[in-house]
Structures are given as C-alpha cells and as structure tokens.
$ cat coords.txt   # compact mmCIF, C-alpha atoms
# COMPACT_ATOMS: atom_id res chain seq x y z
CA MET A 1 -22.28 -22.11 16.54
CA LEU A 2 -23.05 -21.18 12.93
CA LYS A 3 -24.46 -17.82 14.06
CA GLN A 4 -21.27 -17.12 16.03
CA ARG A 5 -19.13 -18.08 13.04
CA ILE A 6 -21.06 -15.74 10.76
CA ILE A 7 -20.87 -12.80 13.17
CA THR A 8 -17.15 -13.28 13.74
CA ALA A 9 -16.56 -13.65 9.99
CA MET A 10 -18.49 -10.42 9.34
CA VAL A 11 -16.05 -8.65 11.66
CA LEU A 12 -12.87 -10.39 10.53
CA ALA A 13 -13.41 -10.14 6.77
CA PRO A 14 -13.59 -6.30 6.65
CA LEU A 15 -10.59 -6.08 8.97
CA ALA A 16 -8.63 -8.43 6.73
CA LEU A 17 -9.59 -6.45 3.62
CA PHE A 18 -8.61 -3.20 5.31
CA GLY A 19 -5.26 -4.72 6.20
CA VAL A 20 -4.74 -5.70 2.57
CA PHE A 21 -6.00 -2.57 0.80
CA GLY A 22 -5.87 0.10 3.48
CA LEU A 23 -2.43 -0.29 5.03
CA PRO A 24 0.79 0.89 3.42
CA PHE A 25 3.58 -1.66 3.08
CA SER A 26 5.45 -0.75 6.28
CA PHE A 27 2.34 -1.02 8.48
CA PHE A 28 1.24 -4.19 6.69
CA VAL A 29 4.53 -5.87 7.63
CA PHE A 30 3.93 -5.01 11.29
CA LEU A 31 0.43 -6.47 10.97
CA MET A 32 1.92 -9.70 9.65
CA ASP A 33 4.40 -9.71 12.55
CA ALA A 34 1.50 -9.55 14.99
CA VAL A 35 -0.51 -12.28 13.27
CA ILE A 36 2.45 -14.66 13.20
CA LEU A 37 3.24 -14.05 16.87
CA LEU A 38 -0.36 -14.71 17.88
CA ALA A 39 -0.24 -17.90 15.84
CA ALA A 40 3.08 -18.81 17.48
CA TRP A 41 1.49 -18.56 20.94
CA GLU A 42 -1.18 -21.02 19.85
CA TRP A 43 1.40 -23.22 18.15
CA ALA A 44 3.26 -23.51 21.44
CA ASN A 45 0.16 -25.28 22.76
CA LEU A 46 -0.05 -27.53 19.68
CA ALA A 47 3.62 -28.38 20.12
CA GLY A 48 2.90 -29.56 23.65
CA PHE A 49 4.66 -26.88 25.68
CA LYS A 50 2.68 -26.89 28.91
CA LYS A 51 4.48 -24.45 31.19
CA GLY A 52 3.64 -20.80 30.70
CA TRP A 53 7.24 -19.62 30.71
CA VAL A 54 8.16 -22.17 28.03
CA LYS A 55 5.35 -20.89 25.81
CA VAL A 56 6.53 -17.31 26.35
CA ALA A 57 10.11 -18.33 25.54
CA TYR A 58 8.93 -20.03 22.33
CA VAL A 59 7.03 -16.93 21.23
CA CYS A 60 10.04 -14.75 22.07
CA LEU A 61 12.24 -16.97 19.92
CA VAL A 62 9.76 -16.70 17.04
CA ALA A 63 9.66 -12.93 17.61
CA VAL A 64 13.44 -12.71 17.28
CA VAL A 65 13.39 -14.62 13.99
CA VAL A 66 10.44 -12.63 12.65
CA GLY A 67 12.17 -9.41 13.69
CA LEU A 68 15.31 -10.42 11.80
CA CYS A 69 13.20 -11.28 8.77
CA HIS A 70 11.36 -7.96 9.08
CA TYR A 71 14.49 -5.87 8.87
CA GLN A 72 16.53 -8.13 6.56
CA TYR A 73 13.89 -9.54 4.21
CA GLN A 74 15.26 -7.64 1.21
CA THR A 75 18.53 -9.55 1.52
CA ILE A 76 16.82 -12.96 1.73
CA ASP A 77 15.95 -14.88 -1.43
CA ALA A 78 12.35 -15.82 -0.65
CA PHE A 79 12.26 -18.33 -3.52
CA TYR A 80 14.22 -20.86 -1.46
CA VAL A 81 12.00 -20.24 1.57
CA PHE A 82 8.90 -21.02 -0.50
CA PHE A 83 10.52 -24.02 -2.19
CA LEU A 84 11.52 -25.57 1.13
CA ALA A 85 8.03 -24.89 2.49
CA ILE A 86 6.47 -26.77 -0.42
CA VAL A 87 8.84 -29.70 0.18
CA PHE A 88 7.71 -29.71 3.81
CA TRP A 89 4.05 -29.80 2.81
CA PHE A 90 4.68 -32.88 0.66
CA ILE A 91 6.13 -34.52 3.77
CA ALA A 92 3.13 -33.30 5.77
CA LEU A 93 0.83 -34.94 3.22
CA PHE A 94 2.51 -38.27 3.95
CA TRP A 95 2.14 -37.71 7.69
CA VAL A 96 -1.56 -36.91 7.35
CA TYR A 97 -2.15 -39.88 5.07
CA ARG A 98 -0.38 -42.28 7.44
CA PHE A 99 -1.75 -40.89 10.71
CA PRO A 100 -1.70 -42.35 13.35
CA ARG A 101 0.65 -45.07 12.07
CA VAL A 102 3.45 -42.57 11.43
CA SER A 103 4.26 -40.07 14.16
CA SER A 104 7.86 -39.01 13.51
CA TRP A 105 6.63 -35.46 14.10
CA GLY A 106 5.22 -36.42 17.51
CA SER A 107 7.93 -35.13 19.85
CA VAL A 108 7.50 -31.72 21.45
CA LEU A 109 10.77 -30.50 19.96
CA ALA A 110 9.83 -31.66 16.45
CA ARG A 111 6.47 -29.92 16.62
CA GLY A 112 8.11 -26.77 17.94
CA LEU A 113 10.50 -26.70 14.98
CA ILE A 114 7.66 -27.41 12.56
CA GLY A 115 6.00 -24.22 13.81
CA PHE A 116 8.84 -22.20 12.29
CA ILE A 117 8.56 -24.08 8.99
CA VAL A 118 4.81 -23.48 8.84
CA LEU A 119 4.59 -19.87 10.03
CA LEU A 120 7.66 -18.12 8.62
CA PRO A 121 7.09 -18.94 4.91
CA CYS A 122 3.55 -17.60 5.31
CA TRP A 123 5.00 -14.32 6.62
CA PHE A 124 7.40 -14.17 3.67
CA ALA A 125 4.63 -14.94 1.17
CA PHE A 126 2.39 -12.10 2.30
CA VAL A 127 5.24 -9.60 2.58
CA GLU A 128 6.48 -10.62 -0.87
CA MET A 129 3.03 -10.21 -2.39
CA LYS A 130 2.46 -6.86 -0.73
CA SER A 131 5.79 -5.56 -2.03
CA VAL A 132 5.12 -6.17 -5.73
CA GLU A 133 2.96 -4.31 -8.22
CA GLN A 134 -0.68 -5.38 -7.91
CA GLY A 135 0.28 -7.19 -4.72
CA ASP A 136 -2.99 -6.23 -3.04
CA GLN A 137 -4.90 -8.02 -5.80
CA LEU A 138 -2.71 -11.10 -5.40
CA ILE A 139 -3.38 -11.27 -1.66
CA PHE A 140 -7.08 -10.73 -2.26
CA LEU A 141 -7.14 -13.54 -4.83
CA LEU A 142 -5.36 -15.89 -2.42
CA LEU A 143 -7.87 -15.09 0.32
CA LEU A 144 -10.78 -15.61 -2.07
CA LEU A 145 -9.42 -19.01 -3.12
CA VAL A 146 -8.87 -20.18 0.46
CA TRP A 147 -12.21 -18.82 1.64
CA GLY A 148 -13.91 -20.27 -1.44
CA ALA A 149 -12.39 -23.70 -0.83
CA ASP A 150 -13.55 -23.57 2.79
CA VAL A 151 -17.08 -22.34 2.11
CA GLY A 152 -17.56 -24.60 -0.92
CA ALA A 153 -16.39 -27.62 1.06
CA TYR A 154 -18.68 -26.76 3.96
CA PHE A 155 -21.88 -26.51 1.94
CA ALA A 156 -21.06 -29.34 -0.49
CA GLY A 157 -20.15 -31.56 2.42
CA LYS A 158 -23.38 -30.74 4.23
CA ARG A 159 -25.48 -31.45 1.14
CA PHE A 160 -23.66 -34.30 -0.59
CA GLY A 161 -21.06 -35.57 1.90
CA ARG A 162 -20.87 -39.34 2.05
CA THR A 163 -17.26 -40.50 1.69
CA LYS A 164 -14.82 -39.56 4.45
CA LEU A 165 -11.72 -37.74 3.24
CA ALA A 166 -9.38 -38.40 6.18
CA PRO A 167 -11.43 -40.06 8.94
CA SER A 168 -8.52 -40.61 11.31
CA VAL A 169 -7.58 -36.91 11.17
CA SER A 170 -10.83 -35.00 10.60
CA PRO A 171 -13.97 -37.21 10.52
CA GLY A 172 -16.19 -34.32 9.41
CA LYS A 173 -14.43 -33.74 6.09
CA THR A 174 -15.63 -35.59 3.00
CA ARG A 175 -14.43 -36.08 -0.56
CA GLU A 176 -17.63 -34.49 -1.80
CA GLY A 177 -16.83 -31.43 0.30
CA LEU A 178 -13.35 -31.32 -1.25
CA TYR A 179 -14.86 -31.40 -4.73
CA GLY A 180 -17.25 -28.59 -3.77
CA GLY A 181 -14.32 -26.52 -2.56
CA LEU A 182 -12.45 -27.08 -5.83
CA VAL A 183 -15.50 -26.04 -7.82
CA ALA A 184 -15.55 -22.82 -5.81
CA CYS A 185 -11.84 -22.26 -6.57
CA PHE A 186 -12.52 -22.85 -10.26
CA ALA A 187 -15.29 -20.26 -10.19
CA VAL A 188 -13.08 -17.73 -8.39
CA ALA A 189 -10.31 -18.20 -10.98
CA VAL A 190 -12.65 -17.81 -13.95
CA ILE A 191 -14.30 -14.69 -12.55
CA TYR A 192 -10.93 -13.18 -11.65
CA SER A 193 -9.54 -13.85 -15.13
CA PHE A 194 -12.45 -12.00 -16.73
CA ILE A 195 -12.12 -9.07 -14.34
CA ALA A 196 -8.33 -8.90 -14.76
CA GLY A 197 -8.59 -9.23 -18.54
CA ALA A 198 -7.02 -11.73 -20.91
CA ALA A 199 -4.10 -9.38 -21.58
CA SER A 200 -2.83 -9.56 -17.99
CA VAL A 201 -3.59 -13.15 -17.00
CA SER A 202 -4.09 -16.41 -18.88
CA ILE A 203 -7.11 -18.35 -17.75
CA PHE A 204 -5.74 -21.90 -18.09
CA PRO A 205 -2.68 -21.58 -15.82
CA LEU A 206 -4.71 -19.45 -13.41
CA VAL A 207 -7.36 -22.17 -13.10
CA ILE A 208 -4.71 -24.86 -12.54
CA MET A 209 -3.02 -22.66 -9.93
CA ALA A 210 -6.36 -22.01 -8.25
CA LEU A 211 -7.11 -25.75 -8.01
CA LEU A 212 -3.65 -26.51 -6.63
CA THR A 213 -4.05 -23.70 -4.10
CA GLY A 214 -7.40 -25.11 -3.05
CA LEU A 215 -5.94 -28.60 -2.65
CA ILE A 216 -2.97 -27.55 -0.55
CA SER A 217 -5.18 -25.29 1.58
CA VAL A 218 -7.12 -28.41 2.58
CA LEU A 219 -3.84 -30.08 3.50
CA GLY A 220 -3.01 -27.16 5.80
CA ASP A 221 -6.35 -27.59 7.53
CA LEU A 222 -5.89 -31.35 7.86
CA PHE A 223 -2.36 -30.97 9.20
CA GLU A 224 -3.49 -28.69 12.02
CA SER A 225 -6.41 -31.03 12.71
CA MET A 226 -3.90 -33.88 13.03
CA LEU A 227 -1.86 -31.93 15.58
CA LYS A 228 -4.98 -30.99 17.53
CA ARG A 229 -6.16 -34.61 17.55
CA HIS A 230 -2.72 -35.68 18.78
CA ARG A 231 -2.95 -33.10 21.57
CA GLY A 232 -6.57 -33.93 22.36
CA ILE A 233 -7.87 -30.38 21.82
CA LYS A 234 -10.65 -29.05 19.59
CA ASP A 235 -9.39 -25.54 18.81
CA SER A 236 -6.00 -23.85 18.89
CA SER A 237 -7.52 -21.26 21.29
CA GLN A 238 -10.81 -19.50 22.02
CA LEU A 239 -9.75 -16.09 20.75
CA LEU A 240 -12.28 -15.96 17.89
CA PRO A 241 -15.86 -16.95 18.89
CA GLY A 242 -17.17 -19.72 16.68
CA HIS A 243 -13.85 -20.07 14.88
CA GLY A 244 -11.41 -21.07 17.60
CA GLY A 245 -8.03 -19.40 17.38
CA VAL A 246 -5.87 -17.55 14.88
CA LEU A 247 -4.33 -20.82 13.70
CA ASP A 248 -7.78 -22.23 13.04
CA ARG A 249 -8.32 -19.34 10.60
CA ILE A 250 -4.93 -19.30 8.91
CA ASP A 251 -4.03 -23.01 8.86
CA SER A 252 -5.12 -23.30 5.23
CA ILE A 253 -3.32 -20.08 4.32
CA THR A 254 -0.01 -21.21 5.83
CA ALA A 255 0.05 -24.12 3.40
CA ALA A 256 -1.43 -22.33 0.39
CA SER A 257 0.54 -19.07 0.42
CA PRO A 258 4.05 -20.37 -0.50
CA LEU A 259 2.72 -22.44 -3.41
CA PHE A 260 0.44 -19.63 -4.57
CA ILE A 261 3.13 -16.95 -4.68
CA LEU A 262 5.60 -19.23 -6.49
CA GLY A 263 3.01 -20.31 -9.03
CA MET A 264 1.76 -16.79 -9.69
CA GLN A 265 5.24 -15.26 -10.00
CA TYR A 266 6.94 -17.95 -12.08
CA TRP A 267 4.10 -19.38 -14.15
CA VAL A 268 0.80 -17.50 -14.27
CA LEU A 269 2.13 -13.92 -14.47
CA VAL A 270 5.29 -14.50 -16.53

$ encode --input "coords.txt" --output "structure tokens"
Amino acid sequence: MLKQRIITAMVLAPLALFGVFGLPFSFFVFLMDAVILLAAWEWANLAGFKKGWVKVAYVCLVAVVVGLCHYQYQTIDAFYVFFLAIVFWFIALFWVYRFPRVSSWGSVLARGLIGFIVLLPCWFAFVEMKSVEQGDQLIFLLLLLVWGADVGAYFAGKRFGRTKLAPSVSPGKTREGLYGGLVACFAVAVIYSFIAGAASVSIFPLVIMALLTGLISVLGDLFESMLKRHRGIKDSSQLLPGHGGVLDRIDSITAASPLFILGMQYWVLV
C-alpha cells in the first residue's frame, strides 16, 4: 500500500504543481471546475445517494452552481463565502467531537447539502488565490502546509503514536501524529518566511496562520472519515491507487483553504 501511495503521489504532485504554475488563470478555473465535479460524484456516495441517476442528478446540480460561479465569480464577494465556510467548520468540529452521539447531519438530504458547503468555498478559495498577485505562491504554500501536516502526522504517528486523537471517527490518528504535523507546518512557515523575505511577510503571523491551517486541515480529514464511517466505506472511490478517491486527497484542503485565504489576505499580507 505504501509503495502504491508513493507512486501515485509522484504522479499527482507534478501534475498539481503544473496546474498551479503552468496554467493561465482561465484554464486553471476550468481545472478547478473538473476537480470539484469529480469530488461531487464521490460526495454523492458519501451523502448516501444509491441510485445512479440520483448521483448523476446531484453532480449536474453541482455543475450548474459551479458554472454560475465560474462566469459570475467577479460579482460575488468571496469574503462572505469563506466566512460562512469557517462557521460551518466550527459546527463540523462539534459533530466530529460528539460522533456518534450527535448525528443531526445524518440524513441523506443534509449530507447532500453539506457537499455544497464543503466543495464550493474550496473552489472560490483557489480561484481567488490564483487571481491575485503572487497567487501561485499562495496556492503552493497552502499545498505545502496541508501536505506537511499529513506527512508529519503520518511519520510522527508511526514513531511516537500512543494517544488516540478521535478513536470513534479515525482510530489510526493520534495526538502525537497531530503534533508532528504541526511541527511540519511550523517548519514550512519558517522556511517560507526566509525565502519570501522579511519585507514581504512577517514571520509571527505566518507561523500562527500555518498552525491554524494545519489544525483545520486535520478537521477536514476527520470530517470525511466520519462520513465514511457512517456510510461503512473505506475510501470515497478507487480512482487513485493507494490514496482512494479525489475527496480522500482534498478533504483536508476543503477545510483549510477558506481559512488560509482569509488569514493571508486580511492578516498576514496586510
């Protein structure tokens, strides 16, 4: 399994970096459209839609909304989209913490609606970052933080993991792994601040933002794990060998991206 994960990651990482640095804005937006629609197909399964035509209808509905956002995004104040997304993730934290005692999200309709709240702000965050000056660097930093949190948690958990983080949701995750992921985020922030230069970014707010991004990325992972456990499935799909589906790769990013873009725009880079 680890070999498969590494091989798939070696393919996906260059493709992701090409999408960030190699595509002009207009093509990048179409790329984000495609990623969100693939994730929506997998979310239809997480929501509990079992009939094929219902899943197709759900994806078509997401496609209509994404299409409207694509062609009208300049008229939409993304700040409120990100703010509402962050409010949702605070609610999601409560759901994860109280699982399985609280399951107000458990109906198929509720989970279907949650898919919009999770996926659309992520689309807005990446489009917003890509549209601003040095947006490529912002996206790259976000990816490094999320990847760093994931890799740091994996190796720290393997080596030092003792205390379960959320046993009812994801028994494999440990507090020690979480700390390892945060250390990785700290290192990414410090290195980035030195590369960017003190004149363009202040290290203290960047480090705080990096740690918050790492924390909420873990919440995104746990939230999807909770939905998968509720549905009785291991992966959102089998599209990516060793990694599961698209959602299994972007679950952390869906939670982290709205907070990251708000923090960077209104605190770190002001």

$ residues_around --input "coords.txt" --residues "Leu211 in chain A" --least-positions-apart "6" --cutoff "12 Å" --atoms "all atoms listed in the file" --output "PyMOL selection string"
chain A and resi 142+145-146+148-149+178-190+204-205+217-218+256+259-260+263

$ write_last_selection --input "coords.txt" --atoms "C-alpha atoms" --output "JSON list (two decimals), in the frame of the given file"
[["chain", "number", "residue", "atom", "x", "y", "z"],
["A", 142, "LEU", "CA", -5.36, -15.89, -2.42],
["A", 145, "LEU", "CA", -9.42, -19.01, -3.12],
["A", 146, "VAL", "CA", -8.87, -20.18, 0.46],
["A", 148, "GLY", "CA", -13.91, -20.27, -1.44],
["A", 149, "ALA", "CA", -12.39, -23.70, -0.83],
["A", 178, "LEU", "CA", -13.35, -31.32, -1.25],
["A", 179, "TYR", "CA", -14.86, -31.40, -4.73],
["A", 180, "GLY", "CA", -17.25, -28.59, -3.77],
["A", 181, "GLY", "CA", -14.32, -26.52, -2.56],
["A", 182, "LEU", "CA", -12.45, -27.08, -5.83],
["A", 183, "VAL", "CA", -15.50, -26.04, -7.82],
["A", 184, "ALA", "CA", -15.55, -22.82, -5.81],
["A", 185, "CYS", "CA", -11.84, -22.26, -6.57],
["A", 186, "PHE", "CA", -12.52, -22.85, -10.26],
["A", 187, "ALA", "CA", -15.29, -20.26, -10.19],
["A", 188, "VAL", "CA", -13.08, -17.73, -8.39],
["A", 189, "ALA", "CA", -10.31, -18.20, -10.98],
["A", 190, "VAL", "CA", -12.65, -17.81, -13.95],
["A", 204, "PHE", "CA", -5.74, -21.90, -18.09],
["A", 205, "PRO", "CA", -2.68, -21.58, -15.82],
["A", 217, "SER", "CA", -5.18, -25.29, 1.58],
["A", 218, "VAL", "CA", -7.12, -28.41, 2.58],
["A", 256, "ALA", "CA", -1.43, -22.33, 0.39],
["A", 259, "LEU", "CA", 2.72, -22.44, -3.41],
["A", 260, "PHE", "CA", 0.44, -19.63, -4.57],
["A", 263, "GLY", "CA", 3.01, -20.31, -9.03]]

$ residues_around --input "coords.txt" --residues "Asp33 in chain A" --least-positions-apart "3" --cutoff "12 Å" --atoms "all atoms listed in the file" --output "JSON, numbers by chain"
{"A": [26, 27, 28, 29, 30, 36, 37, 38, 39, 40, 59, 62, 63, 64, 65, 66, 67, 68, 69, 70, 71, 119, 120, 122, 123, 124, 126, 127]}

$ closest_atom_pairs --input "coords.txt" --of "range 116-178 of chain A" --to "range 220-244 of chain A" --cutoff "9 Å" --atoms "all atoms listed in the file" --output "JSON lines"
{"residue": "A:Ala166", "atom": "CA", "partner": "A:Leu222", "partner_atom": "CA", "distance": 8.0}
{"residue": "A:Ser168", "atom": "CA", "partner": "A:Met226", "partner_atom": "CA", "distance": 8.3}
{"residue": "A:Val169", "atom": "CA", "partner": "A:Met226", "partner_atom": "CA", "distance": 5.1}
{"residue": "A:Ser170", "atom": "CA", "partner": "A:Ser225", "partner_atom": "CA", "distance": 6.3}

$ residues_around --input "coords.txt" --residues "Val81 in chain A" --least-positions-apart "2" --cutoff "9 Å" --atoms "only C-alpha atoms" --output "list in words"
Ile76, Asp77, Ala78, Phe79, Phe83, Leu84, Ala85, Ile86, Leu120, Pro121, Phe124 and Pro258 of chain A

$ closest_residue --input "coords.txt" --among "A:Leu23, A:Ser252, A:Val118, A:Leu247" --to "Glu42 in chain A" --atoms "all atoms listed in the file"
A:Leu247

$ atom_distance --input "coords.txt" --atom1 "CA of Tyr154 in chain A" --atom2 "CA of Arg101 in chain A"
27.8 Å

$ atom_distance --input "coords.txt" --atom1 "CA of Lys130 in chain A" --atom2 "CA of Gly22 in chain A"
11.6 Å

$ closest_residue --input "coords.txt" --among "A:Ile208, A:Val56, A:Val20, A:Val35" --to "Val246 in chain A" --atoms "all atoms listed in the file"
A:Val35

$ closest_residue --input "coords.txt" --among "A:Leu165, A:Leu215, A:Glu133, A:Leu138" --to "Tyr97 in chain A" --atoms "only C-alpha atoms"
A:Leu165

$ closest_residue --input "coords.txt" --among "A:Val207, A:Ile250, A:Leu113, A:Ala125" --to "Asp150 in chain A" --atoms "all atoms listed in the file"
A:Ile250

$ atom_distance --input "coords.txt" --atom1 "CA of Leu141 in chain A" --atom2 "CA of Trp41 in chain A"
27.6 Å

$ residues_around --input "coords.txt" --residues "Ala44 in chain A" --least-positions-apart "5" --cutoff "9 Å" --atoms "all atoms listed in the file" --output "number ranges by chain"
A: 39, 49-50, 54-56, 58-59, 111-112, 115

$ write_last_selection --input "coords.txt" --atoms "C-alpha atoms" --output "mmCIF file, in the coordinates of the input"
data_model
loop_
_atom_site.group_PDB
_atom_site.id
_atom_site.type_symbol
_atom_site.label_atom_id
_atom_site.label_comp_id
_atom_site.auth_asym_id
_atom_site.auth_seq_id
_atom_site.Cartn_x
_atom_site.Cartn_y
_atom_site.Cartn_z
ATOM 1 C CA ALA A 39 -0.240 -17.900 15.840
ATOM 2 C CA PHE A 49 4.660 -26.880 25.680
ATOM 3 C CA LYS A 50 2.680 -26.890 28.910
ATOM 4 C CA VAL A 54 8.160 -22.170 28.030
ATOM 5 C CA LYS A 55 5.350 -20.890 25.810
ATOM 6 C CA VAL A 56 6.530 -17.310 26.350
ATOM 7 C CA TYR A 58 8.930 -20.030 22.330
ATOM 8 C CA VAL A 59 7.030 -16.930 21.230
ATOM 9 C CA ARG A 111 6.470 -29.920 16.620
ATOM 10 C CA GLY A 112 8.110 -26.770 17.940
ATOM 11 C CA GLY A 115 6.000 -24.220 13.810
#

$ residues_around --input "coords.txt" --residues "Val108 in chain A" --least-positions-apart "2" --cutoff "6 Å" --atoms "only C-alpha atoms" --output "list in words"
Ala47, Gly48, Ala110 and Arg111 of chain A

$ axis_aligned_box --input "coords.txt" --around "range 76-85 of chain A" --padding-each-side "6 Å" --output "lines of an AutoDock Vina configuration file"
center_x = 12.4
center_y = -19.3
center_z = -0.5
size_x = 20.8
size_y = 24.6
size_z = 18.0

$ closest_residue --input "coords.txt" --among "A:Ile117, A:Ile91, A:Ile6, A:Leu17" --to "Trp43 in chain A" --atoms "only C-alpha atoms"
A:Ile117

$ build_atoms --input "coords.txt" --residues "range 37-56 of chain A" --atoms "N, CA and C atoms" --output "PDB file, in the coordinates of the input"
ATOM      1  N   LEU A  37       2.937 -13.860  15.450  1.00  0.00           N
ATOM      2  CA  LEU A  37       3.240 -14.050  16.870  1.00  0.00           C
ATOM      3  C   LEU A  37       2.028 -14.585  17.638  1.00  0.00           C
ATOM      4  N   LEU A  38       0.839 -14.126  17.283  1.00  0.00           N
ATOM      5  CA  LEU A  38      -0.360 -14.710  17.880  1.00  0.00           C
ATOM      6  C   LEU A  38      -0.474 -16.191  17.522  1.00  0.00           C
ATOM      7  N   ALA A  39      -0.208 -16.504  16.267  1.00  0.00           N
ATOM      8  CA  ALA A  39      -0.240 -17.900  15.840  1.00  0.00           C
ATOM      9  C   ALA A  39       0.835 -18.719  16.548  1.00  0.00           C
ATOM     10  N   ALA A  40       1.996 -18.100  16.792  1.00  0.00           N
ATOM     11  CA  ALA A  40       3.080 -18.810  17.480  1.00  0.00           C
ATOM     12  C   ALA A  40       2.685 -19.158  18.917  1.00  0.00           C
ATOM     13  N   TRP A  41       1.953 -18.264  19.585  1.00  0.00           N
ATOM     14  CA  TRP A  41       1.490 -18.560  20.940  1.00  0.00           C
ATOM     15  C   TRP A  41       0.574 -19.785  20.932  1.00  0.00           C
ATOM     16  N   GLU A  42      -0.302 -19.861  19.952  1.00  0.00           N
ATOM     17  CA  GLU A  42      -1.180 -21.020  19.850  1.00  0.00           C
ATOM     18  C   GLU A  42      -0.402 -22.264  19.428  1.00  0.00           C
ATOM     19  N   TRP A  43       0.603 -22.075  18.570  1.00  0.00           N
ATOM     20  CA  TRP A  43       1.400 -23.220  18.150  1.00  0.00           C
ATOM     21  C   TRP A  43       2.160 -23.826  19.325  1.00  0.00           C
ATOM     22  N   ALA A  44       2.568 -22.991  20.263  1.00  0.00           N
ATOM     23  CA  ALA A  44       3.260 -23.510  21.440  1.00  0.00           C
ATOM     24  C   ALA A  44       2.388 -24.544  22.161  1.00  0.00           C
ATOM     25  N   ASN A  45       1.086 -24.315  22.163  1.00  0.00           N
ATOM     26  CA  ASN A  45       0.160 -25.280  22.760  1.00  0.00           C
ATOM     27  C   ASN A  45       0.080 -26.543  21.907  1.00  0.00           C
ATOM     28  N   LEU A  46      -0.008 -26.365  20.576  1.00  0.00           N
ATOM     29  CA  LEU A  46      -0.050 -27.530  19.680  1.00  0.00           C
ATOM     30  C   LEU A  46       1.230 -28.353  19.799  1.00  0.00           C
ATOM     31  N   ALA A  47       2.345 -27.664  20.003  1.00  0.00           N
ATOM     32  CA  ALA A  47       3.620 -28.380  20.120  1.00  0.00           C
ATOM     33  C   ALA A  47       3.689 -29.207  21.395  1.00  0.00           C
ATOM     34  N   GLY A  48       2.908 -28.814  22.396  1.00  0.00           N
ATOM     35  CA  GLY A  48       2.900 -29.560  23.650  1.00  0.00           C
ATOM     36  C   GLY A  48       3.648 -28.881  24.781  1.00  0.00           C
ATOM     37  N   PHE A  49       4.026 -27.621  24.579  1.00  0.00           N
ATOM     38  CA  PHE A  49       4.660 -26.880  25.680  1.00  0.00           C
ATOM     39  C   PHE A  49       3.583 -26.549  26.715  1.00  0.00           C
ATOM     40  N   LYS A  50       3.739 -27.019  27.916  1.00  0.00           N
ATOM     41  CA  LYS A  50       2.680 -26.890  28.910  1.00  0.00           C
ATOM     42  C   LYS A  50       2.932 -25.769  29.917  1.00  0.00           C
ATOM     43  N   LYS A  51       4.182 -25.505  30.230  1.00  0.00           N
ATOM     44  CA  LYS A  51       4.480 -24.450  31.190  1.00  0.00           C
ATOM     45  C   LYS A  51       4.408 -23.087  30.519  1.00  0.00           C
ATOM     46  N   GLY A  52       3.833 -22.130  31.265  1.00  0.00           N
ATOM     47  CA  GLY A  52       3.640 -20.800  30.700  1.00  0.00           C
ATOM     48  C   GLY A  52       4.931 -20.144  30.248  1.00  0.00           C
ATOM     49  N   TRP A  53       5.996 -20.286  31.051  1.00  0.00           N
ATOM     50  CA  TRP A  53       7.240 -19.620  30.710  1.00  0.00           C
ATOM     51  C   TRP A  53       7.877 -20.226  29.461  1.00  0.00           C
ATOM     52  N   VAL A  54       7.633 -21.525  29.239  1.00  0.00           N
ATOM     53  CA  VAL A  54       8.160 -22.170  28.030  1.00  0.00           C
ATOM     54  C   VAL A  54       7.432 -21.632  26.796  1.00  0.00           C
ATOM     55  N   LYS A  55       6.116 -21.452  26.919  1.00  0.00           N
ATOM     56  CA  LYS A  55       5.350 -20.890  25.810  1.00  0.00           C
ATOM     57  C   LYS A  55       5.831 -19.468  25.493  1.00  0.00           C
ATOM     58  N   VAL A  56       6.046 -18.683  26.547  1.00  0.00           N
ATOM     59  CA  VAL A  56       6.530 -17.310  26.350  1.00  0.00           C
ATOM     60  C   VAL A  56       7.908 -17.334  25.690  1.00  0.00           C
TER      61      VAL A  56
END
